[in-house]
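Structure first, commentary second.
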Amino acid sequence: MKQVEPSASGEAMSIDLQTVKKIASLSRISVTDAEAQAMVPELNNILGWVEQLGEVDVTGIEPMTAVIPNVQRLREDVVTDGNVRELVLANAPQAEHGFFAVPKVIE
Amino acid sequence: MSDYRIQGATGEWEVVIGLEVHAQVTSNAKLFSGAATAFGAEPNTQVSLVDAAMPGMLPVPNRQCIRQAVRTGMAIDAQINKWSRFDRKNYFYADLPQGYQISQLYHPIVGEGQIEIVLDEKNPDSSTKVIGVERIHVEQDAGKLMHDQHPTSSYVDLNRSGVALMEIVSKPDMRSPAEAGAYLSKLRTILRYVGSCDGNMDQGSMRADVNVSVRKPGEEFGTRTETKNVNSVRFVMAVVEHEANRQVDVLEAGGKIVQETRLYDPDRNETRSMRSKEDAHDYRYFPDPDLLPLVLDDVFLDECRASLPELPDVKRKRYEQALGLSAYNAATLTADADTARWFETLVAEAARIQGKSESDVAKASANWLLSELYGALNRLGKTLETSPVGPTDGAELLALVADGTISGTIAKQVFEIMLETGDKPGKIVEEKGLKQTSDTGAIEAAVATVLANNADKVEQYRGGKEALFGFFVGQTMKAMQGKANPQVVNELVKKALAG
């Protein structure tokens, strides 16, 4: 598990071309070399902007999980949904016999 | 300590095993949506727009799924985390419409617990071993892919997508195939008692990822491999055995074990590398922003605890200590929640009819269930669930024997008729005139005839061949068509032979 965290020295984390290509590949987004090249400074700018938050001293403050203090609501264990196959399949590029049909994937 | 060792060319090797078990949570609706979970529905009919990951849909956790995970944790004496959180595990696959699975990596709902296993299942007196459980977390199941329905397409059914799973992760505490098998069986028993998973491995509601490594005894852990989705206790044991031997062969030939995912092929009884791409395990986990942390209060936890049934270890000890059953019978009867329930109804009824305490009737009840009833069910290819004779009728039959109305021999005949007709034992005894007689006159007459017809044997008996006693008893019983009270027969035969 690689956590995205600033290095201990407080040095700004930077993204290189290889990282951009790897993230693109993990996300199944096809990018050309030129696009990837252009994204390196863009992503670094975004990270740099977010990293300004690191300037604030948050020692002893619990991480906030939401803006409004709230707890997770739970649903009851009752079947209230489903039987909407047509809606579920409506946007499928290809559907057959009630299934999504996708290019054959076998490992 | 287990002394299972693999004998290699360079000496003995020890096997280290950890199991990650995925158990489908028993609930009506899915983990984050109101769609149904029932097995075997038409494809994509139990799918909500949440499960299909349509844009803008938000997950809301199902209270019962959370409750089941907590109850399971309590049943294995585990730490319950009142604060837990859901994370996204990101990967792409056709059976995962969201592009991520909602799971719990950093803050699971259940922490460390333990499961006690009996090392030799056939011998309940054998030593036990405690296997640590690292954690239990709750996560979504994926959909199902079918590859054999079309030449160039795979079909996707999302009915299972979003169903709640518990991932139960053991510590690397097992040291032999038998221990791994015993752990999985015991875990399944506990899940079935708790009612948090049906434990049906053939339907995929429980499947195990088997982590195996080998080392020279006393050395550091070796590199492990993970064999995915093994779906029976027998296969788990086979995987451990095969994989451990394969690793020893590799190491002794000077090779190295690669940390990798493997698949088990039951037809060839071997594991194969899945040759996944290097990046495949870069899941880029992060807290799911659609869900707030899950906070459990004491009222909720108290209810979970109060709802737990008597658990198998406690029940087994009670059967031994309070009911006086043998360790073997206690273990056999408690191995399955349904069997224990059947047995307890039988004992309660038998005690009620006979006006005795449960401990007075427990032994006879256990013996009858495990030998007579099980024998018959095996023969008929049935199970307790489909048994033609229920516990109430069984108890009535036991009572008829206990109060001397019929003999044990006749009871077997009555039982056969019960299996065939479903009639009550009392009715069968009445209609067929099978009541046992203690009428000494009739029995004496029968004994006299037997002795008269076997004068040579009487001679031998009186000459010291006392083993023949049983023969006279048997012949008398036969003459009485099994209906004579055996004790009275014994006394009268003894008396006649002495005379």
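Here's how to read the names in the structure tokens: chain A, B, ... by the order shown, residue numbers from 1 in each chain, ligand numbers from 1 in the order shown.
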**Report entry** Exercise: stretch 144-157 of chain B partners within 10 Å, only C-alpha atoms, chain neighbours under 5 positions left out, as a list in words
**Finding:** Gln94, Ala95, Glu96, His97, Gly98, Phe99, Phe100, Ala101, Val102, Pro103, Lys104, Val105 and Ile106 of chain A; Glu42, Pro43, Asn44, Thr45, Gln46, Val47, Tyr93, Ala94, Asp95 and Leu96 of chain B
For chain A, which residues have at least one atom within 10 Å of chain B, if we go by only C-alpha atoms? Write them as a CSV table (one decimal) with N, CA and C atoms, in the first residue's frame, please.
chain,number,residue,atom,x,y,z
A,1,MET,N,0.8,-1.2,0.0
A,1,MET,CA,0.0,0.0,0.0
A,1,MET,C,0.9,1.2,0.0
A,2,LYS,N,0.8,2.0,-1.1
A,2,LYS,CA,1.6,3.2,-1.1
A,2,LYS,C,0.6,4.4,-0.7
A,3,GLN,N,1.0,5.0,0.4
A,3,GLN,CA,0.2,6.2,0.9
A,3,GLN,C,0.8,7.4,0.2
A,4,VAL,N,-0.1,8.3,-0.2
A,4,VAL,CA,0.4,9.5,-0.7
A,4,VAL,C,0.6,10.5,0.4
A,22,LYS,N,1.6,5.4,-15.3
A,22,LYS,CA,1.2,4.2,-14.5
A,22,LYS,C,-0.3,4.5,-14.0
A,23,ILE,N,-0.5,5.7,-13.5
A,23,ILE,CA,-1.9,6.0,-13.0
A,23,ILE,C,-2.9,5.9,-14.1
A,25,SER,N,-2.7,4.0,-16.7
A,25,SER,CA,-2.9,2.6,-17.0
A,25,SER,C,-3.7,1.9,-16.0
A,26,LEU,N,-3.5,2.2,-14.7
A,26,LEU,CA,-4.3,1.6,-13.6
A,26,LEU,C,-5.8,2.0,-13.8
A,27,SER,N,-6.0,3.3,-14.3
A,27,SER,CA,-7.3,3.8,-14.4
A,27,SER,C,-7.9,3.5,-15.8
A,28,ARG,N,-7.2,2.7,-16.6
A,28,ARG,CA,-7.7,2.4,-17.9
A,28,ARG,C,-8.0,3.6,-18.7
A,65,THR,N,-13.8,14.0,9.3
A,65,THR,CA,-14.2,13.1,8.2
A,65,THR,C,-15.3,13.8,7.4
A,66,ALA,N,-16.0,14.8,7.9
A,66,ALA,CA,-17.0,15.5,7.1
A,66,ALA,C,-17.1,16.9,7.7
A,69,PRO,N,-20.7,17.7,11.5
A,69,PRO,CA,-20.6,16.6,12.4
A,69,PRO,C,-21.8,15.7,12.3
A,70,ASN,N,-21.6,14.5,12.0
A,70,ASN,CA,-22.7,13.6,11.7
A,70,ASN,C,-22.3,12.2,11.8
A,71,VAL,N,-23.2,11.2,12.1
A,71,VAL,CA,-22.7,9.8,12.1
A,71,VAL,C,-23.4,9.1,11.0
A,72,GLN,N,-22.8,8.0,10.6
A,72,GLN,CA,-23.4,7.3,9.4
A,72,GLN,C,-24.8,6.7,9.8
A,73,ARG,N,-25.7,7.0,8.9
A,73,ARG,CA,-27.0,6.4,9.1
A,73,ARG,C,-27.1,5.1,8.5
A,74,LEU,N,-27.9,4.2,9.1
A,74,LEU,CA,-27.9,2.8,8.5
A,74,LEU,C,-29.3,2.6,8.0
A,75,ARG,N,-29.4,1.7,7.0
A,75,ARG,CA,-30.7,1.3,6.4
A,75,ARG,C,-31.2,0.0,7.1
A,76,GLU,N,-32.5,-0.2,7.1
A,76,GLU,CA,-33.0,-1.5,7.7
A,76,GLU,C,-32.8,-2.6,6.6
A,77,ASP,N,-32.8,-3.8,7.1
A,77,ASP,CA,-32.6,-4.9,6.2
A,77,ASP,C,-33.8,-5.4,5.4
A,78,VAL,N,-34.3,-4.5,4.6
A,78,VAL,CA,-35.5,-4.8,3.9
A,78,VAL,C,-35.3,-4.6,2.4
A,79,VAL,N,-35.9,-5.5,1.6
A,79,VAL,CA,-35.7,-5.4,0.1
A,79,VAL,C,-36.6,-4.3,-0.4
A,80,THR,N,-36.1,-3.3,-0.9
A,80,THR,CA,-36.9,-2.1,-1.3
A,80,THR,C,-36.6,-1.8,-2.8
A,81,ASP,N,-35.6,-2.5,-3.4
A,81,ASP,CA,-35.1,-2.1,-4.7
A,81,ASP,C,-34.8,-3.4,-5.5
A,82,GLY,N,-34.5,-3.2,-6.8
A,82,GLY,CA,-34.2,-4.3,-7.7
A,82,GLY,C,-35.3,-4.4,-8.7
A,83,ASN,N,-35.3,-5.5,-9.5
A,83,ASN,CA,-36.3,-5.8,-10.5
A,83,ASN,C,-36.4,-4.6,-11.4
A,84,VAL,N,-35.3,-4.0,-11.8
A,84,VAL,CA,-35.2,-2.9,-12.7
A,84,VAL,C,-34.2,-3.2,-13.8
A,85,ARG,N,-34.3,-4.4,-14.3
A,85,ARG,CA,-33.2,-4.9,-15.2
A,85,ARG,C,-33.1,-4.0,-16.5
A,86,GLU,N,-34.3,-3.5,-16.9
A,86,GLU,CA,-34.2,-2.7,-18.1
A,86,GLU,C,-33.5,-1.4,-17.9
A,87,LEU,N,-33.7,-0.8,-16.7
A,87,LEU,CA,-33.0,0.4,-16.4
A,87,LEU,C,-31.5,0.2,-16.2
A,88,VAL,N,-31.2,-1.0,-15.6
A,88,VAL,CA,-29.8,-1.3,-15.3
A,88,VAL,C,-29.1,-1.5,-16.6
A,89,LEU,N,-29.7,-2.2,-17.6
A,89,LEU,CA,-29.1,-2.5,-18.8
A,89,LEU,C,-29.2,-1.4,-19.9
A,91,ASN,N,-28.1,1.5,-20.5
A,91,ASN,CA,-27.0,2.2,-21.2
A,91,ASN,C,-25.9,1.2,-21.6
A,94,GLN,N,-23.8,-3.3,-25.0
A,94,GLN,CA,-24.3,-4.5,-25.5
A,94,GLN,C,-24.9,-5.3,-24.4
A,95,ALA,N,-26.2,-5.8,-24.6
A,95,ALA,CA,-26.8,-6.6,-23.6
A,95,ALA,C,-27.5,-7.8,-24.3
A,96,GLU,N,-27.3,-9.0,-23.7
A,96,GLU,CA,-28.0,-10.2,-24.3
A,96,GLU,C,-28.5,-11.1,-23.3
A,97,HIS,N,-29.7,-11.5,-23.5
A,97,HIS,CA,-30.4,-12.5,-22.6
A,97,HIS,C,-30.4,-12.0,-21.1
A,98,GLY,N,-30.5,-10.7,-20.9
A,98,GLY,CA,-30.5,-10.1,-19.6
A,98,GLY,C,-29.2,-9.9,-18.9
A,99,PHE,N,-28.1,-10.2,-19.7
A,99,PHE,CA,-26.8,-10.0,-19.2
A,99,PHE,C,-26.1,-8.8,-19.9
A,100,PHE,N,-25.2,-8.2,-19.2
A,100,PHE,CA,-24.3,-7.3,-19.9
A,100,PHE,C,-23.4,-8.2,-20.8
A,101,ALA,N,-23.1,-7.8,-22.0
A,101,ALA,CA,-22.1,-8.6,-22.8
A,101,ALA,C,-20.9,-7.8,-23.0
A,102,VAL,N,-19.8,-8.3,-22.6
A,102,VAL,CA,-18.5,-7.5,-22.7
A,102,VAL,C,-17.5,-8.3,-23.5
A,103,PRO,N,-16.5,-7.7,-24.0
A,103,PRO,CA,-15.4,-8.4,-24.7
A,103,PRO,C,-14.9,-9.5,-23.8
A,104,LYS,N,-14.6,-10.7,-24.3
A,104,LYS,CA,-14.2,-11.8,-23.5
A,104,LYS,C,-13.1,-11.5,-22.6
A,105,VAL,N,-13.3,-11.7,-21.2
A,105,VAL,CA,-12.2,-11.5,-20.3
A,105,VAL,C,-11.9,-12.8,-19.5
A,106,ILE,N,-10.8,-13.4,-19.9
A,106,ILE,CA,-10.4,-14.6,-19.1
A,106,ILE,C,-8.9,-14.4,-18.8
A,107,GLU,N,-8.7,-14.6,-17.5
A,107,GLU,CA,-7.3,-14.5,-17.1
A,107,GLU,C,-6.5,-15.8,-17.3
Excluding B:Val488 and residues on its chain fewer than 4 positions from it, collect all residues at most 10 Å away from it, counting only C-alpha atoms, and give them as an NGL selection string. :B and (437-440 or 443-444 or 484 or 492-494)
Practice item. Find, counting only C-alpha atoms, the residue in B:Leu397, B:Ile17, B:Ile168, B:Val163 that gets nearest to B:Thr72. Key: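 Answer, going by the shortest atom-to-atom distance: B:Ile168.
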So which bits of chain A end up helix (DSSP H, G or I) when you DSSP the backbone, as a PyMOL selection string? chain A and resi 17-26+33-55+85-89
Subject >> Spatial neighbours of B:Leu377, max dist 10 Å, only C-alpha atoms, sep filter under 3 positions, as a ChimeraX atom specification >> reply: /B:371-374,380-384,386-389,419
Next on the checklist: Taking 5 positions as the minimum chain separation for residues in the same chain, which residues sit within 12 Å of B:Asp3 when counting only C-alpha atoms? Answer as a list of chain:residue names.
Outcome noted: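 That gives B:Glu12, B:Trp13, B:Glu14, B:Val15, B:Leu119, B:Met174, B:Arg175, B:Ser176, B:Pro177, B:Ala178, B:Glu179, B:Pro217.
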Those residues you just picked out, can you put them in a file as an mmCIF file, in the first residue's frame with N, CA and C atoms?
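Below is the file that was written, again_21.cif:
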data_model
loop_
_atom_site.group_PDB
_atom_site.id
_atom_site.type_symbol
_atom_site.label_atom_id
_atom_site.label_comp_id
_atom_site.auth_asym_id
_atom_site.auth_seq_id
_atom_site.Cartn_x
_atom_site.Cartn_y
_atom_site.Cartn_z
ATOM 1 N N GLU B 12 14.117 -31.589 7.127
ATOM 2 C CA GLU B 12 12.681 -31.412 7.334
ATOM 3 C C GLU B 12 12.263 -29.967 7.106
ATOM 4 N N TRP B 13 11.045 -29.815 6.568
ATOM 5 C CA TRP B 13 10.472 -28.484 6.353
ATOM 6 C C TRP B 13 9.165 -28.375 7.114
ATOM 7 N N GLU B 14 8.937 -27.168 7.650
ATOM 8 C CA GLU B 14 7.691 -26.889 8.342
ATOM 9 C C GLU B 14 6.816 -26.025 7.443
ATOM 10 N N VAL B 15 5.501 -26.257 7.505
ATOM 11 C CA VAL B 15 4.564 -25.504 6.670
ATOM 12 C C VAL B 15 3.868 -24.445 7.518
ATOM 13 N N LEU B 119 -7.296 -30.956 17.145
ATOM 14 C CA LEU B 119 -6.303 -31.341 16.138
ATOM 15 C C LEU B 119 -6.669 -32.615 15.393
ATOM 16 N N MET B 174 -1.398 -21.846 11.460
ATOM 17 C CA MET B 174 -1.609 -23.260 11.174
ATOM 18 C C MET B 174 -0.345 -23.880 10.599
ATOM 19 N N ARG B 175 -0.154 -25.174 10.911
ATOM 20 C CA ARG B 175 1.110 -25.819 10.569
ATOM 21 C C ARG B 175 0.946 -27.135 9.800
ATOM 22 N N SER B 176 -0.282 -27.472 9.426
ATOM 23 C CA SER B 176 -0.478 -28.711 8.661
ATOM 24 C C SER B 176 -1.787 -28.617 7.881
ATOM 25 N N PRO B 177 -1.929 -29.453 6.856
ATOM 26 C CA PRO B 177 -3.193 -29.468 6.120
ATOM 27 C C PRO B 177 -4.369 -29.754 7.065
ATOM 28 N N ALA B 178 -4.170 -30.661 8.025
ATOM 29 C CA ALA B 178 -5.254 -31.022 8.942
ATOM 30 C C ALA B 178 -5.677 -29.820 9.782
ATOM 31 N N GLU B 179 -4.711 -29.018 10.223
ATOM 32 C CA GLU B 179 -5.057 -27.838 11.022
ATOM 33 C C GLU B 179 -5.834 -26.827 10.181
ATOM 34 N N PRO B 217 12.324 -25.733 10.380
ATOM 35 C CA PRO B 217 11.768 -25.474 11.707
ATOM 36 C C PRO B 217 12.626 -24.479 12.492
#
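Atom pair atom CA of B:Ile406 / atom CA of B:Ala322: separated by 28.3 Å.
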